[in-house]
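Structure file start.cif; described as mmCIF, C-alpha atoms.
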```
data_coords
loop_
_atom_site.label_atom_id
_atom_site.label_comp_id
_atom_site.auth_asym_id
_atom_site.auth_seq_id
_atom_site.Cartn_x
_atom_site.Cartn_y
_atom_site.Cartn_z
CA MET A 6 4.11 -66.84 31.75
CA LYS A 7 5.35 -69.12 34.48
CA VAL A 8 5.49 -67.66 37.98
CA GLN A 9 8.81 -68.53 39.63
CA LEU A 10 8.68 -69.57 43.26
CA GLU A 11 12.06 -68.31 44.33
CA GLY A 12 13.00 -66.70 47.61
CA LYS A 13 10.83 -66.13 50.63
CA VAL A 14 7.26 -64.95 50.66
CA LYS A 15 7.07 -61.62 52.43
CA ILE A 16 4.11 -61.00 54.67
CA ARG A 17 3.71 -57.38 55.68
CA ALA A 18 2.19 -57.09 59.10
CA VAL A 19 1.37 -54.42 61.61
CA HIS A 20 1.52 -55.22 65.29
CA ASP A 21 -1.34 -54.24 67.62
CA ALA A 22 0.91 -51.78 69.40
CA ASP A 23 1.72 -49.99 66.12
CA VAL A 24 -1.76 -49.76 64.60
CA ASN A 25 -2.17 -46.13 65.64
CA SER A 26 1.08 -44.90 64.15
CA PHE A 27 0.57 -47.08 61.08
CA LEU A 28 -2.85 -45.56 60.38
CA GLN A 29 -1.44 -42.11 60.94
CA LYS A 30 1.36 -42.72 58.46
CA ILE A 31 -1.00 -43.93 55.74
CA GLY A 32 -3.43 -41.10 56.47
CA LEU A 33 -6.38 -43.14 57.72
CA LEU A 34 -6.27 -42.31 61.42
CA GLU A 35 -8.42 -39.18 61.12
CA ASP A 36 -11.09 -41.08 59.19
CA MET A 37 -11.10 -43.77 61.85
CA LYS A 38 -11.43 -41.23 64.66
CA ASN A 39 -14.34 -39.59 62.84
CA GLY A 40 -16.05 -42.94 62.29
CA ARG A 41 -15.70 -42.65 58.52
CA LEU A 42 -13.42 -45.63 58.00
CA THR A 43 -15.42 -48.73 57.07
CA CYS A 44 -14.64 -52.31 56.09
CA SER A 45 -14.53 -52.64 52.30
CA PHE A 46 -16.42 -55.93 52.44
CA CYS A 47 -19.00 -55.85 55.25
CA ASN A 48 -19.20 -52.07 55.60
CA CYS A 49 -18.90 -52.13 59.39
CA VAL A 50 -17.33 -49.05 61.01
CA LEU A 51 -13.68 -49.69 61.81
CA SER A 52 -12.06 -48.86 65.12
CA ILE A 53 -8.66 -49.66 66.62
CA ASP A 54 -10.19 -52.81 68.09
CA ASN A 55 -11.59 -54.38 64.93
CA PHE A 56 -9.13 -53.08 62.32
CA GLY A 57 -7.84 -56.14 60.42
CA GLY A 58 -5.55 -54.69 57.76
CA VAL A 59 -5.29 -52.73 54.56
CA PHE A 60 -4.61 -53.30 50.86
CA LYS A 61 -4.40 -51.17 47.75
CA GLU A 62 -6.75 -51.45 44.81
CA ASN A 63 -6.62 -49.16 41.78
CA GLY A 64 -4.39 -46.80 43.70
CA LYS A 65 -6.84 -46.50 46.56
CA LEU A 66 -6.27 -47.82 50.08
CA LYS A 67 -8.96 -50.19 51.29
CA SER A 68 -9.34 -51.40 54.86
CA PHE A 69 -10.99 -54.49 56.22
CA CYS A 70 -12.10 -55.75 59.60
CA GLN A 71 -11.04 -58.81 61.60
CA LYS A 72 -13.92 -61.04 60.50
CA THR A 73 -12.74 -64.26 58.86
CA GLU A 74 -14.78 -63.72 55.68
CA CYS A 75 -13.45 -60.17 55.22
CA TYR A 76 -9.85 -61.31 55.77
CA LEU A 77 -10.30 -64.08 53.20
CA GLU A 78 -11.90 -61.68 50.72
CA ALA A 79 -8.97 -59.29 51.11
CA LEU A 80 -6.48 -62.10 50.50
CA LYS A 81 -8.47 -63.17 47.47
CA GLU A 82 -8.36 -59.64 46.03
CA LYS A 83 -4.62 -59.56 46.49
CA SER A 84 -3.97 -62.98 44.97
CA ASN A 85 -6.17 -61.99 42.02
CA VAL A 86 -3.84 -59.07 41.45
CA ILE A 87 -0.85 -61.43 41.43
CA ARG A 88 -2.70 -63.81 39.15
CA GLY A 89 -3.51 -61.06 36.73
CA LYS A 90 0.11 -60.00 36.43
CA MET B 12 28.57 -73.49 73.43
CA MET B 13 26.10 -70.77 72.45
CA GLU B 14 24.13 -71.44 75.62
CA ILE B 15 27.22 -70.92 77.80
CA LEU B 16 28.03 -67.68 75.94
CA LYS B 17 24.44 -66.50 76.47
CA TYR B 18 24.74 -67.17 80.23
CA ILE B 19 28.05 -65.33 80.45
CA LEU B 20 26.71 -62.37 78.47
CA GLY B 21 23.53 -62.30 80.59
CA GLY B 22 25.62 -62.29 83.77
CA VAL B 23 27.84 -59.45 82.55
CA ILE B 24 24.89 -57.30 81.40
CA GLY B 25 23.03 -58.02 84.65
CA SER B 26 26.04 -56.95 86.73
CA ILE B 27 26.45 -53.71 84.71
CA ILE B 28 22.76 -52.83 85.16
CA THR B 29 22.92 -53.52 88.91
CA TRP B 30 26.10 -51.46 89.25
CA PHE B 31 24.54 -48.66 87.19
CA PHE B 32 21.43 -48.34 89.35
CA THR B 33 22.97 -49.01 92.75
CA LYS B 34 26.36 -47.27 92.41
CA TRP B 35 26.60 -44.93 89.44
CA LEU B 36 23.14 -43.32 89.48
CA PRO B 37 23.16 -42.39 93.23
CA ASP B 38 26.54 -40.72 92.59
CA HIS B 39 25.16 -38.73 89.59
CA PRO B 40 21.63 -37.66 90.57
CA GLU B 41 21.65 -34.87 87.93
CA TYR B 42 21.15 -37.50 85.20
CA GLY B 43 18.20 -39.14 86.95
CA GLU B 44 15.45 -37.24 85.14
CA LYS B 45 16.96 -37.80 81.70
CA ILE B 46 17.44 -41.52 82.33
CA LEU B 47 13.88 -41.85 83.58
CA TYR B 48 12.67 -40.13 80.38
CA TYR B 49 14.53 -42.62 78.18
CA LEU B 50 13.37 -45.57 80.27
CA ILE B 51 9.74 -44.55 79.89
CA ARG B 52 10.24 -44.26 76.14
CA TRP B 53 12.21 -47.45 75.68
CA ILE B 54 10.45 -49.95 77.94
CA PRO B 55 7.26 -50.14 75.78
CA PHE B 56 9.41 -50.27 72.65
CA VAL B 57 11.47 -53.21 73.98
CA PHE B 58 8.30 -54.90 75.16
CA THR B 59 6.56 -54.76 71.76
CA TRP B 60 9.81 -55.62 69.97
CA LYS B 61 10.00 -58.79 72.06
CA LYS B 62 6.37 -59.64 71.28
CA ARG B 63 6.95 -59.11 67.56
CA LYS B 64 10.04 -61.32 67.68
CA GLU B 65 8.11 -64.07 69.44
CA ILE B 66 5.41 -64.11 66.76
CA GLU B 67 8.03 -63.99 64.02
CA LYS B 68 10.08 -66.80 65.51
CA GLU B 69 7.11 -69.11 65.92
CA ILE B 70 5.99 -68.62 62.34
CA HIS B 71 9.47 -68.84 60.79
CA SER B 72 10.81 -71.85 62.58
CA TYR B 73 7.80 -74.09 62.20
CA MET B 74 6.79 -73.13 58.70
CA THR B 75 10.29 -73.38 57.28
CA GLU B 76 10.45 -76.99 58.47
CA GLU B 77 7.03 -77.83 57.06
CA ILE B 78 7.74 -76.17 53.71
CA LYS B 79 10.94 -78.21 53.38
CA SER B 80 9.14 -81.39 54.26
CA ILE B 81 6.29 -80.83 51.77
CA ASN B 82 8.62 -79.91 48.92
CA SER B 83 10.80 -82.94 49.57
CA GLU B 84 7.70 -85.16 49.62
CA SER B 85 6.92 -83.80 46.15
CA TYR B 86 10.20 -84.80 44.45
CA GLY B 87 11.50 -81.25 44.25
CA PHE B 88 8.43 -79.85 42.50
CA LYS B 89 8.08 -76.47 44.15
CA ILE B 90 4.67 -76.81 45.68
CA LEU B 91 5.50 -74.09 48.20
CA PRO B 92 8.04 -71.26 47.99
CA LYS B 93 11.18 -71.61 50.09
CA GLY B 94 10.13 -69.70 53.16
CA ILE B 95 8.20 -66.99 54.84
CA LYS B 96 9.33 -63.62 56.15
CA ILE B 97 7.29 -61.36 58.35
CA GLU B 98 8.05 -57.74 57.55
CA TRP B 99 6.76 -55.45 60.26
CA THR B 100 5.49 -52.04 59.39
CA PRO B 101 5.77 -49.12 60.15
CA LYS B 102 9.49 -48.90 60.63
CA LYS B 103 10.70 -45.97 62.67
CA LYS B 104 10.95 -42.69 60.82
CA GLU B 105 10.16 -44.37 57.49
CA GLU B 106 7.25 -43.56 55.24
CA VAL B 107 4.74 -46.38 54.81
CA ILE B 108 4.30 -47.21 51.16
CA ILE B 109 1.78 -49.85 50.22
CA GLY B 110 2.21 -51.15 46.71
CA GLU B 111 -0.65 -51.99 44.35
CA ASP B 112 -0.28 -55.73 44.92
CA GLU B 113 0.32 -55.55 48.65
CA ILE B 114 -1.72 -56.31 51.69
CA VAL B 115 -0.84 -55.45 55.27
CA ILE B 116 -2.39 -57.70 57.90
CA ARG B 117 -2.70 -57.17 61.61
CA LEU B 118 -1.01 -59.56 64.03
CA GLY B 119 -0.49 -59.32 67.76
CA SER B 120 -2.27 -59.92 71.00
CA ARG B 121 -5.20 -62.15 70.21
CA VAL B 122 -7.58 -63.94 72.53
CA ASN B 123 -5.92 -67.10 71.29
CA PRO B 124 -2.25 -66.51 70.32
CA CYS B 125 -2.41 -69.41 67.82
CA GLU B 126 -4.49 -67.12 65.58
CA ASN B 127 -1.34 -65.21 64.59
CA PHE B 128 0.24 -68.35 63.24
CA VAL B 129 -2.89 -69.49 61.44
CA ASP B 130 -3.53 -66.04 59.90
CA ALA B 131 0.04 -65.86 58.65
CA LEU B 132 -0.23 -69.39 57.22
CA ILE B 133 -3.44 -68.48 55.35
CA SER B 134 -1.83 -65.33 53.98
CA TYR B 135 1.27 -67.27 52.90
CA LEU B 136 -0.78 -69.90 51.08
CA ALA B 137 -3.14 -67.36 49.51
CA ASN B 138 -0.34 -65.79 47.57
CA SER B 139 2.12 -68.52 46.92
CA PHE B 140 0.54 -71.95 46.76
CA MET B 141 0.91 -73.47 43.28
CA PRO B 142 0.48 -70.21 41.34
CA ASN B 143 0.98 -71.88 37.96
CA GLU B 144 -1.13 -74.94 38.63
CA ARG B 145 -4.11 -72.92 39.83
CA ILE B 146 -4.77 -71.63 36.32
CA TYR B 147 -5.73 -75.14 35.24
CA LEU B 148 -7.85 -75.92 38.30
CA LYS B 149 -11.43 -75.07 39.09
CA PRO B 150 -11.36 -72.27 41.69
CA ALA B 151 -13.20 -74.45 44.21
CA LEU B 152 -10.67 -77.26 43.78
CA TYR B 153 -7.80 -74.82 44.19
CA GLU B 154 -9.32 -73.50 47.43
CA ALA B 155 -9.86 -77.05 48.69
CA CYS B 156 -6.22 -77.96 47.87
CA LYS B 157 -5.05 -74.91 49.78
CA PHE B 158 -7.09 -75.86 52.82
CA GLN B 159 -5.88 -79.43 52.66
CA ILE B 160 -2.23 -78.43 52.54
CA ALA B 161 -2.86 -76.19 55.56
CA ILE B 162 -4.41 -79.14 57.39
CA SER B 163 -1.47 -81.29 56.41
CA MET B 164 0.92 -78.64 57.78
CA LEU B 165 -1.05 -78.20 60.99
CA ARG B 166 -1.62 -81.88 61.67
CA LYS B 167 1.82 -82.18 63.26
CA ARG B 168 1.36 -79.00 65.32
CA SER B 169 -0.42 -78.65 68.64
CA SER B 170 -4.11 -79.50 68.55
CA GLU B 171 -4.84 -75.88 69.51
CA HIS B 172 -3.44 -74.53 66.23
CA TYR B 173 -5.32 -77.17 64.29
CA GLN B 174 -8.55 -76.33 66.10
CA VAL B 175 -8.17 -72.58 65.49
CA PHE B 176 -7.80 -73.27 61.79
CA ILE B 177 -10.80 -75.59 61.68
CA ASP B 178 -13.07 -73.23 63.66
CA LYS B 179 -11.94 -69.96 62.16
CA TYR B 180 -11.46 -70.86 58.49
CA TYR B 181 -12.23 -74.42 57.48
CA LYS B 182 -15.74 -74.87 58.88
CA PRO B 183 -17.12 -71.41 57.97
CA VAL B 184 -15.86 -71.65 54.37
CA LEU B 185 -17.02 -75.22 53.88
CA GLU B 186 -20.46 -74.42 55.27
CA LYS B 187 -20.77 -71.60 52.79
CA TYR B 188 -19.39 -73.23 49.64
CA LYS B 189 -20.72 -76.69 48.86
CA GLU B 190 -18.37 -77.24 45.93
CA ILE B 191 -15.29 -76.70 48.13
CA LEU B 192 -16.84 -79.03 50.70
CA ASP B 193 -17.20 -81.80 48.09
CA TYR B 194 -13.59 -81.47 47.02
CA SER B 195 -12.36 -81.22 50.61
CA GLY B 196 -14.10 -84.48 51.51
CA LYS B 197 -12.20 -86.26 48.75
CA LEU B 198 -8.89 -84.54 49.45
CA GLU B 199 -9.12 -85.38 53.15
CA SER B 200 -9.25 -89.12 52.36
CA ILE B 201 -6.54 -88.74 49.74
CA GLU B 202 -4.29 -86.90 52.18
CA LYS B 203 -4.83 -89.39 54.98
CA SER B 204 -3.83 -92.25 52.70
CA GLY B 205 -0.60 -90.43 51.78
CA LEU B 206 -1.55 -89.64 48.19
CA LEU B 207 -1.75 -85.83 48.39
CA THR B 208 1.81 -84.48 48.46
CA PRO B 209 3.52 -87.53 46.93
CA VAL B 210 0.98 -88.00 44.09
CA VAL B 211 -1.73 -85.32 43.54
CA PHE B 212 0.46 -82.21 43.72
CA PRO B 213 3.37 -83.69 41.71
CA ILE B 214 0.92 -84.78 38.97
CA LEU B 215 -0.53 -81.27 38.80
CA SER B 216 2.94 -79.69 38.74
CA PHE B 217 4.23 -82.18 36.17
CA TYR B 218 1.41 -81.48 33.73
CA THR B 219 1.37 -77.73 34.41
CA ASP B 220 5.05 -77.50 33.46
CA LYS B 221 4.22 -79.34 30.27
CA TRP B 222 1.14 -77.26 29.47
CA VAL B 223 2.83 -73.94 30.22
CA PHE B 224 5.68 -74.98 27.90
CA GLN B 225 3.18 -75.98 25.20
CA ARG B 226 1.23 -72.73 25.82
CA ARG B 227 -1.90 -74.77 26.33
CA THR B 228 -4.76 -72.65 27.55
CA PRO B 229 -6.87 -73.87 30.47
CA SER B 230 -10.10 -75.52 29.40
CA SER B 231 -13.15 -77.18 30.89
CA GLU B 232 -11.93 -80.41 29.29
CA ILE B 233 -8.71 -80.28 31.32
CA GLN B 234 -10.63 -79.36 34.48
CA GLY B 235 -12.96 -82.29 33.84
CA GLU B 236 -10.03 -84.70 33.54
CA ILE B 237 -8.49 -83.34 36.74
CA ASN B 238 -11.80 -84.06 38.46
CA GLU B 239 -11.77 -87.60 37.09
CA LEU B 240 -8.20 -88.04 38.27
CA LEU B 241 -9.26 -86.94 41.71
CA ALA B 242 -12.09 -89.47 41.73
CA PHE B 243 -9.63 -92.15 40.58
CA LEU B 244 -7.25 -91.34 43.46
CA TYR B 245 -10.13 -91.10 45.92
CA ASN B 246 -11.15 -94.66 44.99
CA ILE B 247 -7.60 -95.84 45.71
CA ALA B 248 -7.56 -93.92 48.99
CA THR B 249 -10.82 -95.55 50.06
CA LYS B 250 -10.16 -98.92 48.47
CA ARG B 251 -11.88 -100.95 51.20
CA GLU B 252 -15.15 -99.09 50.76
CA TYR B 253 -14.74 -99.31 46.98
CA GLU B 254 -14.14 -103.05 47.14
CA ALA B 255 -17.13 -103.56 49.42
CA GLU B 256 -19.37 -101.57 47.08
CA ILE B 257 -18.12 -102.65 43.65
CA GLY B 258 -16.78 -106.08 44.50
CA GLU B 259 -13.29 -105.56 43.14
CA LEU B 260 -10.23 -103.46 43.87
CA PRO B 261 -10.12 -99.95 42.34
CA PRO B 262 -8.24 -99.47 39.06
CA LEU B 263 -4.67 -98.19 39.30
CA ASP B 264 -4.54 -96.75 35.83
CA TYR B 265 -5.99 -93.49 34.61
CA ARG B 266 -5.85 -92.65 30.91
CA GLY B 267 -7.49 -89.50 29.73
CA LYS B 268 -6.82 -87.27 26.74
CA TYR B 269 -4.44 -85.08 28.73
CA LEU B 270 -3.55 -87.06 31.83
CA LYS B 271 -2.04 -90.53 31.77
CA VAL B 272 -1.15 -91.78 35.21
CA HIS B 273 -0.48 -95.14 36.81
CA ILE B 274 0.03 -96.08 40.44
CA VAL B 275 1.90 -99.23 41.41
CA LEU B 276 0.90 -100.18 44.91
CA VAL B 277 3.56 -102.43 46.35
CA ALA B 278 2.32 -104.84 47.30
CA ARG B 279 -1.26 -105.63 46.69
CA LYS B 280 -1.60 -108.69 48.80
CA GLU B 281 -2.83 -111.04 46.10
CA LEU B 282 0.24 -110.24 44.00
CA ALA B 283 2.82 -109.98 46.74
CA ASP B 284 2.00 -113.41 48.13
CA ARG B 285 2.69 -115.09 44.84
CA PHE B 286 5.18 -112.99 42.96
CA GLU B 287 7.04 -110.83 45.50
CA TYR B 288 8.18 -107.49 44.03
CA ARG B 289 9.18 -108.70 40.58
CA ARG B 290 5.61 -108.83 39.33
CA HIS B 291 5.23 -105.14 40.17
CA LEU B 292 8.43 -104.31 38.35
CA GLU B 293 7.25 -106.10 35.24
CA THR B 294 3.85 -104.36 35.40
CA ALA B 295 5.55 -100.97 35.78
CA LYS B 296 7.78 -101.60 32.75
CA VAL B 297 4.85 -102.64 30.55
CA ILE B 298 2.71 -99.70 31.68
CA LEU B 299 5.47 -97.15 31.03
CA LYS B 300 6.06 -98.59 27.54
CA GLN B 301 2.32 -98.35 26.87
CA GLY B 302 2.44 -94.58 27.05
CA VAL B 303 1.73 -93.54 30.62
CA ASP B 304 3.32 -90.14 31.26
CA ILE B 305 3.97 -90.50 34.95
CA LEU B 306 4.08 -93.60 37.14
CA PHE B 307 4.27 -93.83 40.90
CA VAL B 308 5.67 -96.74 42.87
CA MET B 309 4.27 -96.64 46.34
CA GLY B 310 4.88 -98.83 49.36
CA ARG B 311 3.56 -98.39 52.86
CA GLY B 312 4.44 -99.90 56.20
CA ARG B 313 6.10 -103.27 55.68
CA ASN B 314 6.19 -102.84 51.91
CA VAL B 315 8.61 -99.91 51.93
CA ASP B 316 11.55 -102.15 51.09
CA LEU B 317 9.73 -103.90 48.24
CA ALA B 318 8.86 -100.49 46.72
CA ARG B 319 12.52 -99.52 46.88
CA LYS B 320 13.47 -102.69 44.97
CA VAL B 321 10.91 -101.95 42.25
CA SER B 322 12.24 -98.41 41.90
CA LEU B 323 15.83 -99.69 41.67
CA GLY B 324 14.75 -102.02 38.88
CA LEU B 325 13.08 -99.17 36.96
CA ARG B 326 16.03 -96.83 37.39
CA SER B 327 18.19 -99.00 35.14
CA GLU B 328 15.69 -98.85 32.27
CA THR B 329 16.32 -96.57 29.32
CA PHE B 330 12.72 -95.74 28.48
CA CYS B 331 11.99 -93.94 31.74
CA GLU B 332 13.66 -91.67 34.27
CA GLN B 333 13.12 -91.13 37.93
CA ILE B 334 11.88 -87.74 39.08
CA ASP B 335 14.10 -86.49 41.90
CA GLY B 336 14.49 -88.66 44.97
CA THR B 337 12.16 -90.49 47.28
CA SER B 338 9.03 -89.11 48.83
CA LYS B 339 8.73 -90.18 52.45
CA PHE B 340 5.31 -89.57 53.85
CA ASN B 341 2.95 -90.57 56.60
CA PHE B 342 -0.38 -92.15 55.99
CA TYR B 343 -3.02 -92.51 58.64
CA SER B 344 -4.62 -95.82 59.48
CA GLU B 345 -8.31 -96.05 60.35
CA GLU B 346 -7.34 -95.71 64.00
CA GLY B 347 -5.55 -92.44 63.16
CA ARG B 348 -2.08 -93.89 63.66
CA GLY B 349 0.66 -92.39 61.42
CA ILE B 350 2.53 -95.06 59.44
CA GLN B 351 5.49 -94.35 57.18
CA GLY B 352 5.38 -94.89 53.47
CA VAL B 353 7.57 -94.21 50.45
CA CYS B 354 6.78 -93.22 46.92
CA TYR B 355 8.93 -92.95 43.78
CA ALA B 356 7.92 -91.12 40.62
CA PHE B 357 9.00 -92.04 37.09
CA LYS B 358 8.33 -90.27 33.85
CA ARG B 359 8.43 -91.76 30.41
CA LYS B 360 11.31 -90.59 28.23
CA VAL B 361 10.02 -88.98 25.07
#
```
Structure re-expressed in structure tokens:
Amino acid sequence: MKVQLEGKVKIRAVHDADVNSFLQKIGLLEDMKNGRLTCSFCNCVLSIDNFGGVFKENGKLKSFCQKTECYLEALKEKSNVIRGK
Amino acid sequence: MMEILKYILGGVIGSIITWFFTKWLPDHPEYGEKILYYLIRWIPFVFTWKKRKEIEKEIHSYMTEEIKSINSESYGFKILPKGIKIEWTPKKKEEVIIGEDEIVIRLGSRVNPCENFVDALISYLANSFMPNERIYLKPALYEACKFQIAISMLRKRSSEHYQVFIDKYYKPVLEKYKEILDYSGKLESIEKSGLLTPVVFPILSFYTDKWVFQRRTPSSEIQGEINELLAFLYNIATKREYEAEIGELPPLDYRGKYLKVHIVLVARKELADRFEYRRHLETAKVILKQGVDILFVMGRGRNVDLARKVSLGLRSETFCEQIDGTSKFNFYSEEGRGIQGVCYAFKRKV
């Protein structure tokens, strides 16, 4: 099936100042405070300083850090989902 | 007009604020505590709102222009979707719902503010760049194309943005993946000679449309031909080196099982001197009748006008049709100077 490129591409982003409330709303703030939140790719422990973003895979939220390779991996995961549609 | 209105509005709001703090508030001290409470709550909110708007504005305004320019260079083939929209989350009082195919990235105060722009660009390209064409490309070639389009978009931006992209994404990825590096080397030369958006991407889109319609499944044979096509265009892009090595000019015709492409370079000097543009027109007619699917007429620098004449001549023919408009592009001389060129695309009528 042909993917139609209509409309704008939406990029969901969280601003530095809102990271705390964002994590609280998605239920990951407690894990971060307890040091249990890790990057899905490099396994480093995530804190407010190195939190890079989040995506959903098989119904489960996965976080990643700010390292370039982890960011690219996360984007790849997401585009694979789109590709598989 | 808008500027004047802004000044007037600014003046009025400024006067009201001054009056409020110097006249009204001293007369109503009972409200002081409440107002202070709201100020403390609202100042950080306004501050971050302004920061978010700044990031948004930078990304929107520049990328929208670049997207337009790249799509118009590609004869209306939608290489990139229309635009980009930053949607900030979380919104006040709203639940945050992240869908199965969604990613939320972090933007904001970075050591280098250009990182916001570059991160957003990478995210935009990751999920929207030639989604149909990618099925027929080797993953490494697709990645290399994506990087090259980013370079092409950033070339006109400040050197800081370009450098952030090179240091943060381009170099680390290329060091890690040799196959992407090989493709990127070729695409870099192709892009600098003005063959990327006016020729490579339209060819890929043209054939993808055809293959999707025919329900042709991707195959290693197709990928192999795309690689050969890339080598063919690379030889044209580096024709001086090719000539020095092989002793003749690179071929301008590629005929594979799936891809049949011809490039008319107006004017190769040995032809232009003797025959002016008419020789190119005759060549183009013969080639199109011989069964080439897509033909490009390209002229750079002083030859722009000759290329236009060739395209006008082809437009009146019944056996071919022009694909939307003219592609105006820049190619870069060996000294790195940007020179304008034009390219016209014609497809054979079936």
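Rounded to one decimal, atom CA of Trp222 of chain B and atom CA of Ile78 of chain B lie 25.1 Å from each other.
Using only C-alpha atoms for every distance, the candidate list A:Val59, A:Glu82, A:Cys70, A:Gly40 yields A:Val59 as the residue closest to chain B.
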Please enumerate the residues selected by the PyMOL selection byres ((chain B and resi 53-61) around 12) when evaluated against the supplied file, formatted as a PyMOL selection string. (chain A and resi 19-23) or (chain B and resi 46-52+62-68+99-100+102-103+118-120)
Apply the PyMOL selection byres ((chain B and resi 110) around 9) to the displayed file and report the matching residues as a VMD selection string. (chain A and resid 60 to 61 64) or (chain B and resid 108 to 109 111 to 114)
Among the residues A:Glu74, A:Met37, A:Arg17, A:Gln29, the one that comes closest to chain B [using all atoms listed in the file]: A:Arg17
Determine the residue set returned by the PyMOL selection byres ((chain B and resi 231-246) around 8) for the present structure, and present it as a ChimeraX atom specification. /B:147-149,197-198,200-201,206,211,229-230,247-250,253,261-263,265,267-270
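Taking atom CA of Gly57 of chain A as the reference point, atom CA of Leu77 of chain A is found at 11.0 Å.
Among B:Lys300, B:Lys17, B:Arg326, B:Lys182, the residue with the shortest atom-to-atom distance to Phe158 of chain B, counting only C-alpha atoms, is B:Lys182.
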Record the distance separating atom CA of Gln71 of chain A and atom CA of Phe27 of chain A, expressed in Å with one decimal. 16.5 Å
